[in-house]
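Structure file query25.cif; described as mmCIF, C-alpha atoms and all ligand atoms.
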```
data_target
loop_
_atom_site.group_PDB
_atom_site.id
_atom_site.type_symbol
_atom_site.label_atom_id
_atom_site.label_comp_id
_atom_site.auth_asym_id
_atom_site.auth_seq_id
_atom_site.Cartn_x
_atom_site.Cartn_y
_atom_site.Cartn_z
ATOM 1 C CA MET A 1496 61.600 35.873 38.760
ATOM 2 C CA GLU A 1497 59.840 36.828 42.018
ATOM 3 C CA ASP A 1498 59.573 40.383 40.839
ATOM 4 C CA LEU A 1499 57.723 39.217 37.731
ATOM 5 C CA VAL A 1500 55.471 36.819 39.653
ATOM 6 C CA ARG A 1501 54.465 39.671 41.995
ATOM 7 C CA ARG A 1502 53.435 41.746 38.990
ATOM 8 C CA LEU A 1503 51.231 39.054 37.418
ATOM 9 C CA THR A 1504 48.080 40.025 39.291
ATOM 10 C CA PRO A 1505 44.448 39.833 38.114
ATOM 11 C CA GLU A 1506 44.466 43.632 37.676
ATOM 12 C CA ALA A 1507 47.686 43.731 35.646
ATOM 13 C CA ARG A 1508 47.597 44.535 31.954
ATOM 14 C CA ILE A 1509 49.782 41.759 30.568
ATOM 15 C CA THR A 1510 50.909 41.673 26.944
ATOM 16 C CA VAL A 1511 52.884 38.806 25.464
ATOM 17 C CA LEU A 1512 54.601 38.844 22.067
ATOM 18 C CA THR A 1513 55.549 35.437 20.689
ATOM 19 C CA GLY A 1514 57.693 34.272 17.818
ATOM 20 C CA ALA A 1515 58.757 30.999 16.258
ATOM 21 C CA GLY A 1516 60.720 29.899 19.347
ATOM 22 C CA VAL A 1517 57.519 29.321 21.314
ATOM 23 C CA SER A 1518 56.663 26.523 18.862
ATOM 24 C CA ALA A 1519 60.197 25.090 18.669
ATOM 25 C CA ALA A 1520 59.504 22.458 21.346
ATOM 26 C CA SER A 1521 56.467 21.360 19.311
ATOM 27 C CA GLY A 1522 58.764 20.563 16.387
ATOM 28 C CA VAL A 1523 57.941 23.604 14.233
ATOM 29 C CA PRO A 1524 61.183 24.912 12.689
ATOM 30 C CA THR A 1525 62.228 28.468 13.568
ATOM 31 C CA PHE A 1526 63.409 30.889 10.870
ATOM 32 C CA ARG A 1527 66.766 31.992 12.196
ATOM 33 C CA GLY A 1528 69.469 30.300 14.241
ATOM 34 C CA LYS A 1529 71.235 26.961 13.867
ATOM 35 C CA ASP A 1530 68.434 24.918 12.287
ATOM 36 C CA GLY A 1531 66.360 27.878 11.091
ATOM 37 C CA LEU A 1532 64.433 27.743 7.807
ATOM 38 C CA TRP A 1533 66.311 30.768 6.459
ATOM 39 C CA LYS A 1534 69.548 28.729 6.628
ATOM 40 C CA ASN A 1535 68.409 26.615 3.684
ATOM 41 C CA PHE A 1536 65.741 28.758 2.034
ATOM 42 C CA ARG A 1537 65.867 32.346 0.843
ATOM 43 C CA PRO A 1538 62.999 34.532 2.105
ATOM 44 C CA GLU A 1539 62.958 36.537 -1.125
ATOM 45 C CA ALA A 1540 62.442 33.328 -3.152
ATOM 46 C CA LEU A 1541 59.584 32.044 -1.002
ATOM 47 C CA ALA A 1542 58.011 34.682 1.208
ATOM 48 C CA THR A 1543 57.322 37.685 -1.022
ATOM 49 C CA ALA A 1544 54.541 38.575 -3.451
ATOM 50 C CA GLU A 1545 57.185 38.873 -6.206
ATOM 51 C CA ALA A 1546 58.281 35.277 -5.589
ATOM 52 C CA PHE A 1547 54.665 34.093 -5.768
ATOM 53 C CA GLY A 1548 54.060 36.033 -8.985
ATOM 54 C CA ARG A 1549 57.201 34.485 -10.495
ATOM 55 C CA ASP A 1550 56.682 30.907 -9.392
ATOM 56 C CA PRO A 1551 53.433 30.153 -7.525
ATOM 57 C CA SER A 1552 54.068 26.380 -7.652
ATOM 58 C CA LEU A 1553 57.414 26.707 -5.858
ATOM 59 C CA VAL A 1554 55.970 28.995 -3.186
ATOM 60 C CA TRP A 1555 52.961 26.723 -2.688
ATOM 61 C CA GLU A 1556 55.211 23.656 -2.402
ATOM 62 C CA TRP A 1557 57.038 25.365 0.439
ATOM 63 C CA TYR A 1558 53.813 26.325 2.227
ATOM 64 C CA ALA A 1559 52.321 22.864 1.628
ATOM 65 C CA TRP A 1560 55.451 21.326 3.152
ATOM 66 C CA ARG A 1561 55.131 23.628 6.184
ATOM 67 C CA ARG A 1562 51.403 22.833 6.522
ATOM 68 C CA PHE A 1563 52.253 19.129 6.458
ATOM 69 C CA ARG A 1564 54.953 19.585 9.092
ATOM 70 C CA ILE A 1565 52.791 21.767 11.375
ATOM 71 C CA ALA A 1566 49.805 19.394 11.066
ATOM 72 C CA THR A 1567 51.844 16.733 12.880
ATOM 73 C CA CYS A 1568 52.764 19.105 15.751
ATOM 74 C CA GLU A 1569 50.936 19.635 19.020
ATOM 75 C CA PRO A 1570 50.882 22.713 21.274
ATOM 76 C CA ASN A 1571 53.589 22.481 23.962
ATOM 77 C CA ALA A 1572 53.674 23.528 27.622
ATOM 78 C CA ALA A 1573 54.414 27.166 26.655
ATOM 79 C CA HIS A 1574 51.273 27.402 24.484
ATOM 80 C CA LEU A 1575 49.227 25.820 27.273
ATOM 81 C CA VAL A 1576 50.407 28.279 29.934
ATOM 82 C CA LEU A 1577 49.638 31.245 27.664
ATOM 83 C CA ALA A 1578 46.208 29.792 26.840
ATOM 84 C CA ASP A 1579 45.501 29.500 30.557
ATOM 85 C CA TRP A 1580 46.642 33.090 31.179
ATOM 86 C CA SER A 1581 44.394 34.327 28.360
ATOM 87 C CA VAL A 1582 41.432 33.023 30.354
ATOM 88 C CA ARG A 1583 42.731 33.685 33.870
ATOM 89 C CA PHE A 1584 43.867 37.307 33.429
ATOM 90 C CA PRO A 1585 41.126 39.708 32.302
ATOM 91 C CA ASN A 1586 43.645 42.147 30.798
ATOM 92 C CA PHE A 1587 45.823 39.643 28.979
ATOM 93 C CA ARG A 1588 46.704 40.109 25.307
ATOM 94 C CA LEU A 1589 48.732 37.822 23.093
ATOM 95 C CA ILE A 1590 50.373 39.142 19.947
ATOM 96 C CA THR A 1591 51.974 36.482 17.783
ATOM 97 C CA GLN A 1592 54.142 36.527 14.695
ATOM 98 C CA ASN A 1593 53.479 32.805 14.296
ATOM 99 C CA VAL A 1594 51.243 31.524 11.524
ATOM 100 C CA ASP A 1595 51.164 27.900 12.735
ATOM 101 C CA GLY A 1596 47.870 28.100 14.674
ATOM 102 C CA LEU A 1597 49.274 26.359 17.781
ATOM 103 C CA HIS A 1598 48.193 29.175 20.132
ATOM 104 C CA GLU A 1599 44.648 28.785 18.787
ATOM 105 C CA ARG A 1600 44.790 24.999 19.170
ATOM 106 C CA ALA A 1601 45.929 25.440 22.789
ATOM 107 C CA GLY A 1602 42.771 27.503 23.393
ATOM 108 C CA THR A 1603 44.252 31.014 23.625
ATOM 109 C CA GLN A 1604 41.612 33.739 23.486
ATOM 110 C CA ASN A 1605 41.765 37.020 21.591
ATOM 111 C CA ILE A 1606 44.984 36.491 19.669
ATOM 112 C CA ILE A 1607 46.391 39.386 17.665
ATOM 113 C CA ARG A 1608 47.910 37.616 14.662
ATOM 114 C CA LEU A 1609 50.456 39.933 13.102
ATOM 115 C CA HIS A 1610 51.494 37.727 10.186
ATOM 116 C CA GLY A 1611 48.193 35.986 9.390
ATOM 117 C CA SER A 1612 47.698 32.229 9.363
ATOM 118 C CA ILE A 1613 49.122 29.414 7.286
ATOM 119 C CA TRP A 1614 45.663 27.801 7.618
ATOM 120 C CA GLU A 1615 44.017 30.642 5.731
ATOM 121 C CA VAL A 1616 44.075 31.430 2.020
ATOM 122 C CA ALA A 1617 43.028 34.330 -0.168
ATOM 123 C CA CYS A 1618 42.280 34.788 -3.852
ATOM 124 C CA TRP A 1619 45.511 35.968 -5.474
ATOM 125 C CA GLN A 1620 43.570 38.150 -7.931
ATOM 126 C CA GLY A 1621 41.258 39.426 -5.170
ATOM 127 C CA CYS A 1622 38.391 38.240 -7.389
ATOM 128 C CA GLY A 1623 35.680 40.011 -5.417
ATOM 129 C CA LYS A 1624 33.450 36.910 -5.381
ATOM 130 C CA SER A 1625 35.516 35.360 -2.591
ATOM 131 C CA PRO A 1626 35.816 36.525 1.039
ATOM 132 C CA LYS A 1627 38.941 38.575 1.710
ATOM 133 C CA ARG A 1628 40.477 35.490 3.371
ATOM 134 C CA TRP A 1629 39.082 32.154 4.398
ATOM 135 C CA ARG A 1630 40.129 29.093 6.368
ATOM 136 C CA ASP A 1631 41.345 26.051 4.456
ATOM 137 C CA ASP A 1632 42.852 23.213 6.495
ATOM 138 C CA THR A 1633 43.881 21.113 3.495
ATOM 139 C CA VAL A 1634 47.200 19.407 4.085
ATOM 140 C CA THR A 1635 47.519 17.745 0.670
ATOM 141 C CA PHE A 1636 45.978 19.849 -2.088
ATOM 142 C CA LYS A 1637 44.471 17.873 -4.993
ATOM 143 C CA GLN A 1638 45.722 20.486 -7.409
ATOM 144 C CA MET A 1639 48.999 22.398 -7.127
ATOM 145 C CA PRO A 1640 49.084 25.330 -7.079
ATOM 146 C CA PRO A 1641 45.601 25.336 -5.516
ATOM 147 C CA ARG A 1642 42.772 27.278 -7.146
ATOM 148 C CA CYS A 1643 40.208 29.797 -5.930
ATOM 149 C CA PRO A 1644 36.833 28.023 -5.615
ATOM 150 C CA TYR A 1645 35.097 31.308 -6.503
ATOM 151 C CA CYS A 1646 36.901 32.314 -9.728
ATOM 152 C CA GLY A 1647 39.213 29.450 -10.673
ATOM 153 C CA GLY A 1648 42.323 31.657 -10.410
ATOM 154 C CA LEU A 1649 45.164 31.076 -7.981
ATOM 155 C CA ILE A 1650 44.851 31.278 -4.231
ATOM 156 C CA ARG A 1651 47.704 32.430 -1.997
ATOM 157 C CA PRO A 1652 48.614 31.567 1.591
ATOM 158 C CA GLY A 1653 46.884 33.882 4.099
ATOM 159 C CA VAL A 1654 50.160 35.050 5.575
ATOM 160 C CA VAL A 1655 51.902 38.407 5.502
ATOM 161 C CA TRP A 1656 54.955 38.290 3.263
ATOM 162 C CA PHE A 1657 58.072 40.440 3.434
ATOM 163 C CA GLY A 1658 57.369 43.815 1.870
ATOM 164 C CA GLU A 1659 53.621 43.628 2.589
ATOM 165 C CA THR A 1660 51.948 45.983 5.012
ATOM 166 C CA LEU A 1661 50.177 44.668 8.076
ATOM 167 C CA GLU A 1662 46.420 45.257 8.313
ATOM 168 C CA THR A 1663 45.710 48.608 9.937
ATOM 169 C CA ASN A 1664 43.275 47.198 12.477
ATOM 170 C CA ILE A 1665 45.803 44.529 13.547
ATOM 171 C CA VAL A 1666 48.496 47.174 14.016
ATOM 172 C CA SER A 1667 46.158 49.364 16.033
ATOM 173 C CA GLN A 1668 45.162 46.402 18.246
ATOM 174 C CA ALA A 1669 48.862 45.684 18.785
ATOM 175 C CA MET A 1670 49.586 49.341 19.563
ATOM 176 C CA ASN A 1671 46.752 49.342 22.037
ATOM 177 C CA ALA A 1672 48.232 46.237 23.678
ATOM 178 C CA MET A 1673 51.487 48.164 24.199
ATOM 179 C CA LYS A 1674 49.678 50.086 26.938
ATOM 180 C CA CYS A 1675 50.461 47.451 29.526
ATOM 181 C CA ASP A 1676 52.040 46.850 32.932
ATOM 182 C CA VAL A 1677 54.013 43.738 31.968
ATOM 183 C CA PHE A 1678 55.348 43.052 28.486
ATOM 184 C CA MET A 1679 56.894 39.667 27.711
ATOM 185 C CA THR A 1680 58.734 38.901 24.492
ATOM 186 C CA ILE A 1681 58.993 35.147 24.058
ATOM 187 C CA GLY A 1682 60.800 33.082 21.421
ATOM 188 C CA THR A 1683 61.424 35.849 18.932
ATOM 189 C CA SER A 1684 64.758 36.974 17.515
ATOM 190 C CA ALA A 1685 63.421 40.548 17.801
ATOM 191 C CA VAL A 1686 64.710 41.602 14.378
ATOM 192 C CA VAL A 1687 61.555 41.800 12.216
ATOM 193 C CA TYR A 1688 59.594 45.049 12.433
ATOM 194 C CA PRO A 1689 57.103 46.174 13.550
ATOM 195 C CA ALA A 1690 57.197 43.450 16.247
ATOM 196 C CA ALA A 1691 60.851 44.195 17.045
ATOM 197 C CA GLY A 1692 59.851 47.734 18.074
ATOM 198 C CA PHE A 1693 57.042 46.685 20.425
ATOM 199 C CA ILE A 1694 59.270 46.243 23.433
ATOM 200 C CA GLU A 1695 60.477 49.858 23.245
ATOM 201 C CA GLN A 1696 56.909 50.993 22.782
ATOM 202 C CA ALA A 1697 55.751 49.035 25.839
ATOM 203 C CA ARG A 1698 58.676 50.328 27.896
ATOM 204 C CA ALA A 1699 57.876 53.901 26.852
ATOM 205 C CA ASN A 1700 54.380 53.244 28.202
ATOM 206 C CA GLY A 1701 55.869 52.214 31.556
ATOM 207 C CA ALA A 1702 55.757 48.422 31.206
ATOM 208 C CA TYR A 1703 58.033 46.037 33.081
ATOM 209 C CA THR A 1704 59.730 44.089 30.290
ATOM 210 C CA VAL A 1705 60.688 40.418 30.197
ATOM 211 C CA GLU A 1706 62.351 38.235 27.581
ATOM 212 C CA ILE A 1707 62.288 34.432 27.429
ATOM 213 C CA ASN A 1708 64.779 33.003 24.950
ATOM 214 C CA PRO A 1709 67.647 30.507 25.145
ATOM 215 C CA GLU A 1710 69.798 32.845 23.002
ATOM 216 C CA ALA A 1711 70.699 36.517 23.398
ATOM 217 C CA THR A 1712 68.808 38.867 21.047
ATOM 218 C CA PRO A 1713 68.949 42.622 20.409
ATOM 219 C CA ALA A 1714 66.329 42.943 23.182
ATOM 220 C CA THR A 1715 68.190 40.982 25.869
ATOM 221 C CA ARG A 1716 70.266 43.839 27.242
ATOM 222 C CA SER A 1717 67.420 46.294 27.410
ATOM 223 C CA VAL A 1718 64.722 44.227 29.152
ATOM 224 C CA ASP A 1719 64.140 44.439 32.898
ATOM 225 C CA LEU A 1720 64.227 40.654 33.216
ATOM 226 C CA PRO A 1721 65.995 38.452 30.670
ATOM 227 C CA LEU A 1722 65.191 34.780 31.293
ATOM 228 C CA SER A 1723 67.503 32.457 29.423
ATOM 229 C CA GLY A 1724 65.950 29.125 28.449
ATOM 230 C CA GLY A 1725 63.152 27.448 26.539
ATOM 231 C CA ALA A 1726 59.654 28.892 26.814
ATOM 232 C CA GLU A 1727 58.307 25.379 27.388
ATOM 233 C CA THR A 1728 60.238 25.147 30.681
ATOM 234 C CA ILE A 1729 60.330 28.763 31.877
ATOM 235 C CA LEU A 1730 56.618 29.552 31.407
ATOM 236 C CA PRO A 1731 55.449 26.498 33.423
ATOM 237 C CA THR A 1732 57.934 27.499 36.165
ATOM 238 C CA ILE A 1733 56.454 31.002 36.313
ATOM 239 C CA ALA A 1734 52.921 29.586 36.194
ATOM 240 C CA ALA A 1735 53.669 27.230 39.097
ATOM 241 C CA SER A 1736 54.762 30.201 41.228
ATOM 242 C CA LEU A 1737 51.559 32.190 40.711
HETATM 243 P P1 LIG B 1801 63.129 33.551 14.502
HETATM 244 O O1 LIG B 1801 63.369 32.219 13.896
HETATM 245 O O2 LIG B 1801 63.783 34.725 13.904
HETATM 246 O O3 LIG B 1801 63.550 33.515 16.022
HETATM 247 C C1 LIG B 1801 63.209 32.450 16.855
HETATM 248 C C2 LIG B 1801 63.749 32.761 18.233
HETATM 249 O O4 LIG B 1801 63.302 31.746 19.108
HETATM 250 C C3 LIG B 1801 65.287 32.795 18.321
HETATM 251 O O5 LIG B 1801 65.692 33.973 18.987
HETATM 252 C C4 LIG B 1801 65.623 31.552 19.162
HETATM 253 O O6 LIG B 1801 66.757 31.747 19.998
HETATM 254 C C5 LIG B 1801 64.359 31.418 19.976
HETATM 255 N N1 LIG B 1801 64.077 30.057 20.476
HETATM 256 C C6 LIG B 1801 64.477 28.850 19.969
HETATM 257 N N2 LIG B 1801 63.993 27.845 20.715
HETATM 258 C C7 LIG B 1801 63.282 28.412 21.721
HETATM 259 C C8 LIG B 1801 62.536 27.893 22.823
HETATM 260 N N3 LIG B 1801 62.425 26.581 23.044
HETATM 261 N N4 LIG B 1801 61.920 28.777 23.649
HETATM 262 C C9 LIG B 1801 62.033 30.113 23.439
HETATM 263 N N5 LIG B 1801 62.704 30.660 22.407
HETATM 264 C C10 LIG B 1801 63.332 29.818 21.573
HETATM 265 O O7 LIG B 1801 61.529 33.716 14.580
HETATM 266 P P2 LIG B 1801 60.680 35.044 14.734
HETATM 267 O O8 LIG B 1801 61.339 36.010 15.635
HETATM 268 O O9 LIG B 1801 59.317 34.602 15.056
HETATM 269 O O10 LIG B 1801 58.078 36.385 9.132
HETATM 270 O O11 LIG B 1801 60.717 35.606 13.274
HETATM 271 C C11 LIG B 1801 59.983 36.743 12.984
HETATM 272 C C12 LIG B 1801 59.463 36.667 11.573
HETATM 273 O O12 LIG B 1801 60.549 36.454 10.678
HETATM 274 C C13 LIG B 1801 58.536 35.490 11.302
HETATM 275 O O13 LIG B 1801 57.212 35.747 11.628
HETATM 276 C C14 LIG B 1801 58.701 35.293 9.850
HETATM 277 C C15 LIG B 1801 60.203 35.334 9.838
HETATM 278 O O14 LIG B 1801 60.862 35.427 8.668
HETATM 279 C C16 LIG B 1801 57.642 36.215 7.895
HETATM 280 O O15 LIG B 1801 57.696 35.147 7.306
HETATM 281 C C17 LIG B 1801 57.068 37.453 7.284
#
```

Now, as a test, write the supplied structure out as structure tokens.
Ligand code: OAD
Amino acid sequence: MEDLVRRLTPEARITVLTGAGVSAASGVPTFRGKDGLWKNFRPEALATAEAFGRDPSLVWEWYAWRRFRIATCEPNAAHLVLADWSVRFPNFRLITQNVDGLHERAGTQNIIRLHGSIWEVACWQGCGKSPKRWRDDTVTFKQMPPRCPYCGGLIRPGVVWFGETLETNIVSQAMNAMKCDVFMTIGTSAVVYPAAGFIEQARANGAYTVEINPEATPATRSVDLPLSGGAETILPTIAASL
């Protein structure tokens, strides 16, 4: 770990990619693994535009359940360390696949949100009267499925579903963040693209690569420093050594 600590200087360009595992200690379920959401739910039935078109009530019930669950969770020590780094290091960038908003609640600056936010919604029809996306913190919707306040049609969760393309400006911000000195992949199973390819991209740009995860992933063998354990314990340990 000393090698990593030596590299975390004020001048260093530090990029962190997070996934569901960073929120596990907060009580937010991950997608894969022993207790992962995809053990009991099928992504194609709940997290695609086709699924929403087929059965918007079912999809909204799932998202409403996740909103309810996340609303009771608090940022953990891992979120807090990353929030501190986002202020302390001038060249720090955080890319997250998480939609739970816990990095934001911890105070992290300049987050690149790859998969959108569960706390945002958009008009399903793209009615033109509404903004492209807007924040809606409702935990219990009065009407299910909830309606667009601008046109009365359906609204959809402001997340990126399987099969949907990421916004070009988000991808270009992420690509820009790959030009870094230290790249840390934290709490992600490293199987969903494009995020799964970021580590190779960062390495190709000369970054020192680190993984924090209690389980082995496809990235574990290729990183310079694999750290096995929970982000909520390993990140505070690194932070204490700085
Ligand atoms: P996954 O659920 O695939 O992976 C979570 C990872 O976190 C696993 O590798 C766990 O071993 C690890 N983990 C568990 N507890 C941890 C802890 N305390 N500290 C650190 N790591 C821990 O979640 P993602 O990789 O984020 O996309 O999944 C990527 C995308 O697939 C998600 O954004 C979502 C999902 O399906 C969409 O819904 C489009």

Extract, using only C-alpha atoms, all DNA, RNA and protein residues at most 9 Å from region 1574-1583 of chain A, discarding same-chain residues fewer than 4 positions from it, and format them as a PDB file with C-alpha atoms, keeping the file's coordinate frame.
```pdb
ATOM      1  CA  PRO A1505      44.448  39.833  38.114  1.00  0.00           C
ATOM      2  CA  VAL A1511      52.884  38.806  25.464  1.00  0.00           C
ATOM      3  CA  VAL A1517      57.519  29.321  21.314  1.00  0.00           C
ATOM      4  CA  SER A1518      56.663  26.523  18.862  1.00  0.00           C
ATOM      5  CA  PRO A1570      50.882  22.713  21.274  1.00  0.00           C
ATOM      6  CA  PHE A1587      45.823  39.643  28.979  1.00  0.00           C
ATOM      7  CA  ARG A1588      46.704  40.109  25.307  1.00  0.00           C
ATOM      8  CA  LEU A1589      48.732  37.822  23.093  1.00  0.00           C
ATOM      9  CA  LEU A1597      49.274  26.359  17.781  1.00  0.00           C
ATOM     10  CA  HIS A1598      48.193  29.175  20.132  1.00  0.00           C
ATOM     11  CA  GLU A1599      44.648  28.785  18.787  1.00  0.00           C
ATOM     12  CA  ARG A1600      44.790  24.999  19.170  1.00  0.00           C
ATOM     13  CA  ALA A1601      45.929  25.440  22.789  1.00  0.00           C
ATOM     14  CA  GLY A1602      42.771  27.503  23.393  1.00  0.00           C
ATOM     15  CA  THR A1603      44.252  31.014  23.625  1.00  0.00           C
ATOM     16  CA  GLN A1604      41.612  33.739  23.486  1.00  0.00           C
ATOM     17  CA  ASN A1605      41.765  37.020  21.591  1.00  0.00           C
ATOM     18  CA  ILE A1606      44.984  36.491  19.669  1.00  0.00           C
ATOM     19  CA  ALA A1726      59.654  28.892  26.814  1.00  0.00           C
ATOM     20  CA  GLU A1727      58.307  25.379  27.388  1.00  0.00           C
ATOM     21  CA  LEU A1730      56.618  29.552  31.407  1.00  0.00           C
ATOM     22  CA  PRO A1731      55.449  26.498  33.423  1.00  0.00           C
ATOM     23  CA  ALA A1734      52.921  29.586  36.194  1.00  0.00           C
TER      24      ALA A1734
END
```

Within 8 Å of ligand LIG 1801 (chain B), which residues show up when you count only C-alpha atoms and all ligand atoms? List them as a ChimeraX atom specification, please.
/A:1513-1520,1524-1528,1531-1533,1538,1542,1592-1594,1610,1654-1657,1681-1687,1690,1707-1712,1724-1727

With C-alpha atoms retained, export the selected residues as a short mmCIF file (atom, residue, chain, number, x, y, z; two decimals), in the frame of the given file.
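The resulting selection.cif:
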```cif
data_model
loop_
_atom_site.label_atom_id
_atom_site.label_comp_id
_atom_site.auth_asym_id
_atom_site.auth_seq_id
_atom_site.Cartn_x
_atom_site.Cartn_y
_atom_site.Cartn_z
CA THR A 1513 55.55 35.44 20.69
CA GLY A 1514 57.69 34.27 17.82
CA ALA A 1515 58.76 31.00 16.26
CA GLY A 1516 60.72 29.90 19.35
CA VAL A 1517 57.52 29.32 21.31
CA SER A 1518 56.66 26.52 18.86
CA ALA A 1519 60.20 25.09 18.67
CA ALA A 1520 59.50 22.46 21.35
CA PRO A 1524 61.18 24.91 12.69
CA THR A 1525 62.23 28.47 13.57
CA PHE A 1526 63.41 30.89 10.87
CA ARG A 1527 66.77 31.99 12.20
CA GLY A 1528 69.47 30.30 14.24
CA GLY A 1531 66.36 27.88 11.09
CA LEU A 1532 64.43 27.74 7.81
CA TRP A 1533 66.31 30.77 6.46
CA PRO A 1538 63.00 34.53 2.10
CA ALA A 1542 58.01 34.68 1.21
CA GLN A 1592 54.14 36.53 14.70
CA ASN A 1593 53.48 32.80 14.30
CA VAL A 1594 51.24 31.52 11.52
CA HIS A 1610 51.49 37.73 10.19
CA VAL A 1654 50.16 35.05 5.58
CA VAL A 1655 51.90 38.41 5.50
CA TRP A 1656 54.96 38.29 3.26
CA PHE A 1657 58.07 40.44 3.43
CA ILE A 1681 58.99 35.15 24.06
CA GLY A 1682 60.80 33.08 21.42
CA THR A 1683 61.42 35.85 18.93
CA SER A 1684 64.76 36.97 17.52
CA ALA A 1685 63.42 40.55 17.80
CA VAL A 1686 64.71 41.60 14.38
CA VAL A 1687 61.56 41.80 12.22
CA ALA A 1690 57.20 43.45 16.25
CA ILE A 1707 62.29 34.43 27.43
CA ASN A 1708 64.78 33.00 24.95
CA PRO A 1709 67.65 30.51 25.14
CA GLU A 1710 69.80 32.84 23.00
CA ALA A 1711 70.70 36.52 23.40
CA THR A 1712 68.81 38.87 21.05
CA GLY A 1724 65.95 29.12 28.45
CA GLY A 1725 63.15 27.45 26.54
CA ALA A 1726 59.65 28.89 26.81
CA GLU A 1727 58.31 25.38 27.39
#
```

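By all atoms listed in the file, and with residues fewer than 4 positions from Asp1631 (chain A) along its chain excluded, the set lying at most 8 Å from it is Trp1614, Glu1615 and Val1616 of chain A.
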
Store the residues of this selection in a file with C-alpha atoms, as a tab-separated table (two decimals), in the frame of the given file.
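Result saved to part_18.tsv:
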```
chain	number	residue	atom	x	y	z
A	1614	TRP	CA	45.66	27.80	7.62
A	1615	GLU	CA	44.02	30.64	5.73
A	1616	VAL	CA	44.08	31.43	2.02
```

Atomic distance CA of Asn1700 (chain A) - CA of Lys1674 (chain A), expressed in Å with one decimal
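Between CA of Asn1700 (chain A) and CA of Lys1674 (chain A) the gap is 5.8 Å.
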
Got a sec to check which residues sit within 10 Å of (50.5, 49.8, 21.3), counting only C-alpha atoms, and write them as a compact mmCIF listing (two decimals) with C-alpha atoms, in the coordinates of the input?
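And here is the file that came out, out_27.txt:
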```
# COMPACT_ATOMS: atom_id res chain seq x y z
CA THR A 1510 50.91 41.67 26.94
CA VAL A 1666 48.50 47.17 14.02
CA SER A 1667 46.16 49.36 16.03
CA GLN A 1668 45.16 46.40 18.25
CA ALA A 1669 48.86 45.68 18.78
CA MET A 1670 49.59 49.34 19.56
CA ASN A 1671 46.75 49.34 22.04
CA ALA A 1672 48.23 46.24 23.68
CA MET A 1673 51.49 48.16 24.20
CA LYS A 1674 49.68 50.09 26.94
CA CYS A 1675 50.46 47.45 29.53
CA PHE A 1693 57.04 46.68 20.42
CA ILE A 1694 59.27 46.24 23.43
CA GLN A 1696 56.91 50.99 22.78
CA ALA A 1697 55.75 49.04 25.84
CA ASN A 1700 54.38 53.24 28.20
```

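CA of Thr1591 (chain A) lies 23.7 Å from CA of Ile1650 (chain A).
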
Evaluated on this file, the PyMOL selection byres (((chain A and resi 1705) around 9) and not hetatm) picks out some residues - which ones are they, written as an NGL selection string?
:A and (1499 or 1677-1681 or 1703-1704 or 1706-1707 or 1715 or 1718-1722)

Those same residues - C-alpha atoms - I'd like them written as a CSV table (one decimal), in the coordinates of the input.
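Once written, selection_4.csv looks like this:
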```csv
chain,number,residue,atom,x,y,z
A,1499,LEU,CA,57.7,39.2,37.7
A,1677,VAL,CA,54.0,43.7,32.0
A,1678,PHE,CA,55.3,43.1,28.5
A,1679,MET,CA,56.9,39.7,27.7
A,1680,THR,CA,58.7,38.9,24.5
A,1681,ILE,CA,59.0,35.1,24.1
A,1703,TYR,CA,58.0,46.0,33.1
A,1704,THR,CA,59.7,44.1,30.3
A,1706,GLU,CA,62.4,38.2,27.6
A,1707,ILE,CA,62.3,34.4,27.4
A,1715,THR,CA,68.2,41.0,25.9
A,1718,VAL,CA,64.7,44.2,29.2
A,1719,ASP,CA,64.1,44.4,32.9
A,1720,LEU,CA,64.2,40.7,33.2
A,1721,PRO,CA,66.0,38.5,30.7
A,1722,LEU,CA,65.2,34.8,31.3
```

What gap, in Å, lies between CA of Pro1585 (chain A) and CA of Ala1691 (chain A)?
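These two atoms are separated by 25.3 Å.
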
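Nearest residue to Val1634 (chain A) among A:Val1500, A:Ala1507, A:Leu1649, A:Trp1560 is A:Trp1560, counting all atoms listed in the file.
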
Once the PyMOL selection byres (((chain A and resi 1626) around 12) and not hetatm) has been evaluated on this model, what residues remain selected, and can you format them as a ChimeraX atom specification?
/A:1615-1625,1627-1630,1643-1646,1650,1653

Taking all atoms of region 1616-1632 of chain A that appear in the file, build a box with edges along x, y and z, extend it by 3 Å on every side, and state its centre and edge lengths in Å to one decimal, as lines of an AutoDock Vina configuration file.
```
center_x = 39.5
center_y = 31.6
center_z = -0.7
size_x = 18.1
size_y = 22.8
size_z = 20.4
```

Write out as a ChimeraX atom specification which residues come within 12 Å of Glu1545 (chain A) when counting all atoms listed in the file, dropping same-chain ones fewer than 5 positions away.
/A:1538-1540,1550-1551,1554,1656-1659

Given the choices A:Ala1559, A:Ala1573, A:Pro1689, A:Asp1676, which gets closest to Asn1586 (chain A) if the distance is worked out from only C-alpha atoms?
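Going through A:Ala1559, A:Ala1573, A:Pro1689, A:Asp1676 one by one, the smallest distance to Asn1586 (chain A) is for A:Asp1676.
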